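Below is run-v6.txt, holding compact mmCIF, C-alpha atoms and all ligand atoms.
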# COMPACT_ATOMS: atom_id res chain seq x y z
CA MET A 123 -17.66 42.20 -17.02
CA ARG A 124 -17.47 38.61 -18.11
CA ARG A 125 -13.69 38.49 -17.74
CA LEU A 126 -13.85 40.05 -14.28
CA PHE A 127 -16.35 37.42 -13.15
CA VAL A 128 -14.04 34.61 -14.26
CA LEU A 129 -11.10 36.09 -12.39
CA SER A 130 -13.16 36.58 -9.26
CA ALA A 131 -14.25 32.93 -9.28
CA CYS A 132 -10.66 31.85 -9.81
CA CYS A 133 -9.39 33.87 -6.86
CA SER A 134 -12.10 32.56 -4.57
CA LEU A 135 -10.77 29.04 -5.09
CA SER A 136 -7.49 29.97 -3.40
CA ALA A 137 -9.28 30.09 -0.05
CA PHE A 138 -10.19 26.39 -0.27
CA SER A 139 -8.45 23.09 -0.78
CA LEU A 140 -9.42 21.32 -3.98
CA ALA A 141 -10.05 17.67 -3.17
CA GLN A 142 -10.92 14.68 -5.34
CA SER A 143 -11.04 10.95 -4.75
CA PHE A 144 -9.92 8.29 -7.22
CA GLY A 145 -11.05 4.71 -7.56
CA PRO A 146 -11.66 1.97 -7.16
CA THR A 147 -10.21 1.49 -10.66
CA LYS A 148 -8.53 -1.50 -12.31
CA TYR A 149 -4.78 -1.55 -11.85
CA LEU A 150 -2.38 -4.10 -13.32
CA GLN A 151 0.76 -1.99 -13.79
CA THR A 152 2.22 1.41 -12.91
CA SER A 153 0.83 3.04 -16.04
CA ASP A 154 -2.67 2.37 -14.69
CA SER A 155 -2.16 5.03 -12.02
CA PRO A 156 -4.61 7.86 -12.76
CA PHE A 157 -2.08 10.29 -11.28
CA LEU A 158 0.28 9.82 -14.24
CA ALA A 159 -2.37 10.92 -16.72
CA LEU A 160 -2.61 14.23 -14.85
CA GLY A 161 0.99 15.24 -15.46
CA VAL A 162 1.97 15.17 -11.79
CA THR A 163 5.52 15.82 -10.64
CA ASN A 164 7.84 13.94 -8.28
CA PHE A 165 5.85 10.72 -8.63
CA ASN A 166 7.17 8.27 -6.04
CA LEU A 167 6.24 4.59 -5.93
CA GLU A 168 6.81 1.69 -3.53
CA ASP A 169 6.30 -1.67 -5.28
CA PHE A 170 7.98 -3.82 -2.58
CA GLU A 171 9.95 -5.71 -5.24
CA ASP A 172 13.14 -5.42 -3.15
CA ASN A 173 11.10 -6.86 -0.27
CA LEU A 174 11.59 -3.59 1.61
CA PHE A 175 9.33 -0.74 2.61
CA ASN A 176 11.64 2.21 2.04
CA ILE A 177 9.76 4.86 0.10
CA THR A 178 11.07 8.30 1.06
CA GLY A 179 9.10 10.24 3.64
CA VAL A 180 6.46 7.60 4.39
CA THR A 181 5.92 5.43 7.48
CA LYS A 182 3.36 2.69 8.13
CA ASP A 183 1.68 1.30 11.23
CA ASN A 184 1.01 -2.29 10.19
CA GLY A 185 2.04 -4.96 7.70
CA ASN A 186 5.29 -6.29 6.29
CA PRO A 187 6.71 -6.87 2.80
CA TYR A 188 5.53 -10.23 1.56
CA THR A 189 6.28 -12.75 -1.15
CA ASN A 190 4.95 -16.28 -1.45
CA SER A 191 4.73 -18.39 -4.59
CA GLY A 192 1.49 -19.96 -3.32
CA ASN A 193 -0.56 -16.98 -2.17
CA GLY A 194 1.42 -13.79 -2.72
CA ASP A 195 -0.52 -11.06 -4.52
CA SER A 196 1.62 -8.36 -6.05
CA VAL A 197 0.45 -5.92 -8.72
CA ASP A 198 0.43 -8.08 -11.85
CA GLY A 199 3.10 -6.33 -13.92
CA ASP A 200 5.77 -6.33 -11.22
CA ASP A 201 6.99 -9.79 -12.29
CA GLY A 202 7.41 -8.55 -15.84
CA VAL A 203 4.41 -10.38 -17.28
CA LEU A 204 0.75 -9.33 -17.42
CA ASP A 205 -0.66 -12.80 -16.98
CA GLY A 206 -3.42 -12.40 -14.40
CA SER A 207 -1.09 -13.47 -11.59
CA GLY A 208 0.83 -11.62 -8.92
CA LEU A 209 2.31 -14.74 -7.31
CA LYS A 210 5.87 -13.98 -8.40
CA GLY A 211 5.96 -10.42 -7.12
CA HIS A 212 6.10 -8.74 -3.73
CA SER A 213 3.43 -6.91 -1.76
CA LEU A 214 2.63 -5.76 1.78
CA PHE A 215 0.62 -8.14 3.96
CA ASP A 216 -1.04 -7.80 7.35
CA SER A 217 -3.11 -10.44 9.09
CA SER A 218 -5.75 -7.95 10.24
CA GLY A 219 -7.66 -6.46 7.34
CA SER A 220 -10.07 -4.72 9.69
CA ALA A 221 -7.23 -2.85 11.41
CA GLY A 222 -5.90 -2.02 7.96
CA VAL A 223 -2.69 -0.21 7.11
CA THR A 224 -2.11 3.52 7.55
CA PHE A 225 0.64 5.35 5.67
CA THR A 226 1.77 8.67 7.13
CA PHE A 227 3.63 11.32 5.12
CA SER A 228 6.37 13.40 6.72
CA GLN A 229 6.39 17.08 5.86
CA ALA A 230 9.78 17.36 7.57
CA VAL A 231 11.34 14.74 5.29
CA LEU A 232 9.52 15.63 2.07
CA GLY A 233 9.61 19.42 2.42
CA SER A 234 5.89 19.59 1.74
CA LEU A 235 3.09 17.09 1.99
CA PRO A 236 2.15 15.29 -1.23
CA GLN A 237 -0.98 16.48 -2.99
CA TYR A 238 -1.68 13.09 -4.51
CA ALA A 239 -1.53 9.80 -2.59
CA GLY A 240 -2.81 6.34 -3.36
CA VAL A 241 -2.41 2.59 -2.97
CA VAL A 242 -3.49 -0.59 -4.74
CA TRP A 243 -5.60 -3.14 -2.89
CA THR A 244 -4.60 -6.63 -4.10
CA ASP A 245 -6.19 -9.16 -1.73
CA GLY A 246 -8.46 -9.60 1.26
CA SER A 247 -12.12 -10.14 2.09
CA GLY A 248 -15.27 -8.15 2.55
CA THR A 249 -15.85 -4.44 2.05
CA ILE A 250 -12.78 -2.38 1.20
CA THR A 251 -12.46 1.14 2.60
CA PHE A 252 -9.93 3.83 1.71
CA GLU A 253 -9.60 7.06 3.66
CA ALA A 254 -7.31 10.09 3.40
CA TRP A 255 -6.60 13.02 5.70
CA ASP A 256 -5.68 16.57 4.77
CA GLN A 257 -2.74 18.71 5.91
CA ASN A 258 -4.53 19.47 9.20
CA GLY A 259 -5.39 15.86 9.97
CA VAL A 260 -9.03 16.28 8.95
CA SER A 261 -10.55 13.39 7.02
CA LEU A 262 -11.19 14.08 3.35
CA GLY A 263 -13.68 11.23 3.31
CA THR A 264 -13.83 7.53 2.49
CA VAL A 265 -14.09 5.54 -0.72
CA VAL A 266 -15.73 2.12 -0.48
CA GLY A 267 -15.37 -0.87 -2.80
CA ASN A 268 -16.68 -4.43 -3.05
CA HIS A 269 -14.54 -6.25 -5.58
CA ALA A 270 -12.82 -9.06 -3.64
CA ASP A 271 -13.12 -12.28 -5.68
CA GLY A 272 -12.79 -14.69 -2.74
CA ALA A 273 -9.69 -16.34 -4.21
CA PHE A 274 -6.32 -16.08 -2.48
CA THR A 275 -3.81 -17.43 -4.95
CA GLY A 276 -2.52 -14.30 -6.61
CA GLN A 277 -5.39 -13.42 -8.97
CA THR A 278 -5.08 -9.83 -10.20
CA ALA A 279 -8.39 -9.11 -11.98
CA GLU A 280 -9.85 -7.96 -8.65
CA ASP A 281 -7.03 -5.51 -7.88
CA ARG A 282 -8.06 -1.87 -7.61
CA PHE A 283 -6.42 1.52 -7.15
CA TYR A 284 -7.61 3.98 -4.51
CA GLY A 285 -6.32 7.52 -4.20
CA TRP A 286 -6.97 11.07 -3.26
CA HIS A 287 -5.92 14.51 -4.41
CA ASN A 288 -5.93 17.50 -2.09
CA SER A 289 -4.29 20.76 -3.13
CA GLY A 290 -3.50 21.62 0.50
CA GLY A 291 -1.65 18.35 1.06
CA ILE A 292 -2.32 14.84 2.33
CA SER A 293 -0.96 13.82 5.73
CA LYS A 294 -1.96 10.14 5.72
CA ILE A 295 -3.97 7.47 3.94
CA LYS A 296 -5.52 4.23 5.21
CA LEU A 297 -6.66 1.07 3.42
CA LYS A 298 -8.62 -1.69 5.14
CA ASN A 299 -11.08 -4.50 4.43
CA SER A 300 -13.78 -5.81 6.72
CA SER A 301 -12.60 -9.40 7.25
CA GLY A 302 -9.56 -11.64 6.99
CA GLY A 303 -6.10 -10.33 6.19
CA ILE A 304 -5.16 -7.61 3.74
CA GLU A 305 -2.61 -7.34 0.96
CA LEU A 306 -1.69 -4.17 -0.91
CA ASP A 307 0.92 -2.81 -3.29
CA HIS A 308 2.11 0.28 -5.19
CA VAL A 309 1.94 2.87 -2.43
CA GLN A 310 2.42 6.14 -4.29
CA TYR A 311 2.44 9.90 -3.97
CA ALA A 312 3.03 12.93 -6.18
CA TYR A 313 2.67 16.69 -6.48
CA GLU A 314 0.65 19.03 -8.66
CA ALA A 315 2.30 20.15 -11.86
CA VAL A 316 0.04 23.13 -12.46
CA PRO A 317 0.38 26.52 -10.71
CA GLU A 318 -1.53 27.01 -7.50
CA PRO A 319 -4.86 28.87 -7.86
CA THR A 320 -3.28 31.92 -6.19
CA THR A 321 -0.59 31.95 -8.87
CA LEU A 322 -3.21 31.61 -11.58
CA CYS A 323 -5.01 34.61 -10.11
CA VAL A 324 -1.86 36.71 -10.16
CA LEU A 325 -1.21 35.67 -13.73
CA GLY A 326 -4.82 36.35 -14.67
CA LEU A 327 -4.86 39.78 -13.08
CA SER A 328 -1.55 40.64 -14.75
CA ALA A 329 -2.98 39.60 -18.10
CA LEU A 330 -6.07 41.73 -17.49
CA ALA A 331 -3.94 44.75 -16.56
CA LEU A 332 -1.84 44.29 -19.68
CA SER A 333 -4.96 43.96 -21.81
CA ARG A 334 -6.35 47.22 -20.43
CA ARG A 335 -3.05 49.04 -21.01
CA LYS A 336 -3.04 47.96 -24.65
CA LYS A 337 -6.53 49.38 -25.16
CA ILE A 338 -5.48 52.85 -23.99
CA CA B 1 2.20 -11.18 -13.36
CA CA B 2 4.80 -5.57 -6.04
CA CA B 3 -5.62 -10.04 -6.14
Before we go any further, please render this structure as structure tokens.
Ligand SMILES: [Ca+2]
Ligand SMILES: [Ca+2]
Ligand SMILES: [Ca+2]
Amino acid sequence: MRRLFVLSACCSLSAFSLAQSFGPTKYLQTSDSPFLALGVTNFNLEDFEDNLFNITGVTKDNGNPYTNSGNGDSVDGDDGVLDGSGLKGHSLFDSSGSAGVTFTFSQAVLGSLPQYAGVVWTDGSGTITFEAWDQNGVSLGTVVGNHADGAFTGQTAEDRFYGWHNSGGISKIKLKNSSGGIELDHVQYAYEAVPEPTTLCVLGLSALALSRRKKI
């Protein structure tokens, strides 16, 4: 009876999308992405270090690649040195933090929508808000942060990662802050490495059937 209950609960999960938000968490280099610790597949990252926005299957509505030795604010490690400064790297900047920047994922280009998507906020003012939408364009919810340090000369201690996981797919993400401009970096997406819940159910039921056959 106990085993049957576990399998039933497992199968019921297949009818729903599993969703989880990430952040805001400290982020100074790619290895700080919480996605990597989950064993994701097809991890794709845009760090803007070629001063281009050309990550496969993703479009944006606002902002442009940016580098400035006086006020640029890349993820710290992109210049090769973790020194508390992102001045020597590249980021994405837009003058309207309140309008924010939306990144849209193309199912046609990618084959399937990513199940993990995130971005690193590196500079701006006020309250920071991150939102993601599922495969049907329904909002998964918002994550709010207040960690802007008020300095605008490349400091990286304030930089934070925001992300979302949704097993059914993510169609777009948006990052904004309530005043001033906005700077961001390390736009990233990935896919689940583990079998879908439906596959787990099939495997579980097969294992149960095999177990019963052995007892006969
Ligand atoms: Ca640095
Ligand atoms: Ca960068
Ligand atoms: Ca910063």
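Considering the residues A:Leu297, A:Ala254, A:Ile304, A:Ala279 and counting only C-alpha atoms and all ligand atoms, ligand CA 1 (chain B) has its shortest atom-to-atom contact with A:Ala279.
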Requested in this report: Using all atoms listed in the file, find each protein or nucleic acid residue lying at most 7 Å from ligand CA 3 (chain B); present the set as a PyMOL selection string.
Outcome: chain A and resi 195+244-245+276-281
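The space between atom CA of A:Leu167 and atom CA of A:His308 spans 6.0 Å.
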Using 12 Å as the limit and counting all atoms listed in the file, can you tabulate each residue of chain A that touches ligand CA 2 (chain B), with its shortest atom-to-atom distance in Å and the two atoms involved, as a Markdown table?
| residue | atom | partner | partner_atom | distance |
| --- | --- | --- | --- | --- |
| A:Tyr149 | CA | B:CA2 | CA | 11.9 |
| A:Leu150 | CA | B:CA2 | CA | 10.3 |
| A:Gln151 | CA | B:CA2 | CA | 9.4 |
| A:Thr152 | CA | B:CA2 | CA | 10.1 |
| A:Leu167 | CA | B:CA2 | CA | 10.3 |
| A:Glu168 | CA | B:CA2 | CA | 7.9 |
| A:Asp169 | CA | B:CA2 | CA | 4.2 |
| A:Phe170 | CA | B:CA2 | CA | 5.0 |
| A:Glu171 | CA | B:CA2 | CA | 5.2 |
| A:Asp172 | CA | B:CA2 | CA | 8.8 |
| A:Asn173 | CA | B:CA2 | CA | 8.6 |
| A:Leu174 | CA | B:CA2 | CA | 10.4 |
| A:Phe175 | CA | B:CA2 | CA | 10.9 |
| A:Pro187 | CA | B:CA2 | CA | 9.1 |
| A:Tyr188 | CA | B:CA2 | CA | 8.9 |
| A:Thr189 | CA | B:CA2 | CA | 8.8 |
| A:Asn190 | CA | B:CA2 | CA | 11.7 |
| A:Gly194 | CA | B:CA2 | CA | 9.5 |
| A:Asp195 | CA | B:CA2 | CA | 7.8 |
| A:Ser196 | CA | B:CA2 | CA | 4.2 |
| A:Val197 | CA | B:CA2 | CA | 5.1 |
| A:Asp198 | CA | B:CA2 | CA | 7.7 |
| A:Gly199 | CA | B:CA2 | CA | 8.1 |
| A:Asp200 | CA | B:CA2 | CA | 5.3 |
| A:Asp201 | CA | B:CA2 | CA | 7.9 |
| A:Gly202 | CA | B:CA2 | CA | 10.6 |
| A:Ser207 | CA | B:CA2 | CA | 11.3 |
| A:Gly208 | CA | B:CA2 | CA | 7.8 |
| A:Leu209 | CA | B:CA2 | CA | 9.6 |
| A:Lys210 | CA | B:CA2 | CA | 8.8 |
| A:Gly211 | CA | B:CA2 | CA | 5.1 |
| A:His212 | CA | B:CA2 | CA | 4.1 |
| A:Ser213 | CA | B:CA2 | CA | 4.7 |
| A:Leu214 | CA | B:CA2 | CA | 8.1 |
| A:Phe215 | CA | B:CA2 | CA | 11.1 |
| A:Val241 | CA | B:CA2 | CA | 11.3 |
| A:Val242 | CA | B:CA2 | CA | 9.8 |
| A:Trp243 | CA | B:CA2 | CA | 11.1 |
| A:Thr244 | CA | B:CA2 | CA | 9.7 |
| A:Gly276 | CA | B:CA2 | CA | 11.4 |
| A:Thr278 | CA | B:CA2 | CA | 11.5 |
| A:Asp281 | CA | B:CA2 | CA | 12.0 |
| A:Glu305 | CA | B:CA2 | CA | 10.3 |
| A:Leu306 | CA | B:CA2 | CA | 8.4 |
| A:Asp307 | CA | B:CA2 | CA | 5.5 |
| A:His308 | CA | B:CA2 | CA | 6.5 |
| A:Val309 | CA | B:CA2 | CA | 9.6 |
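Among the candidate residues A:Ile250, A:Val162, A:Ala141, A:Leu204, the one lying nearest to ligand CA 1 (chain B) is A:Leu204, with distances computed using only C-alpha atoms and all ligand atoms.
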Requested in this report: Tell me which protein, DNA and RNA residues are within 7 Å of A:Gly145, counting only C-alpha atoms, leaving out same-chain ones fewer than 3 positions away, and put them as a list of chain:residue names.
Outcome: A:Phe283, A:Tyr284, A:Gly285
Requested in this report: Compare A:Ile177, A:Leu140, A:Val266, A:Val203 by their minimum atom-to-atom distance to ligand CA 1 (chain B), counting all atoms listed in the file, and give me the closest one.
Outcome: A:Val203
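With only C-alpha atoms and all ligand atoms as the basis for measurement, A:Asp205 is the residue among A:Ala315, A:Asp205, A:Gly248, A:Gln229 that approaches ligand CA 1 (chain B) most closely.
Atom pair atom CA of A:Asp256 / atom CA of A:Gly179 has a distance of 16.1 Å (rounded to one decimal).
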Requested in this report: Could you tell me which of A:Gly161, A:Gly290, A:Gly263, A:Gly302 comes closest to A:Thr249 if we count all atoms listed in the file?
Outcome: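 The answer is A:Gly302, which sits nearest to A:Thr249.
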Query - Atomic separation - atom CA of A:Asn288 relative to atom CA of A:Gly233, Å - result: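 Separation between atom CA of A:Gly233 and atom CA of A:Asn288: 16.3 Å.
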Requested in this report: Name the closest residue to ligand CA 1 (chain B) among the candidates A:Asn164, A:Ala159, A:Phe225, A:Ser191; distances are taken between atoms, counting all atoms listed in the file.
Outcome: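 Selected residue with least distance to ligand CA 1 (chain B): A:Ser191.
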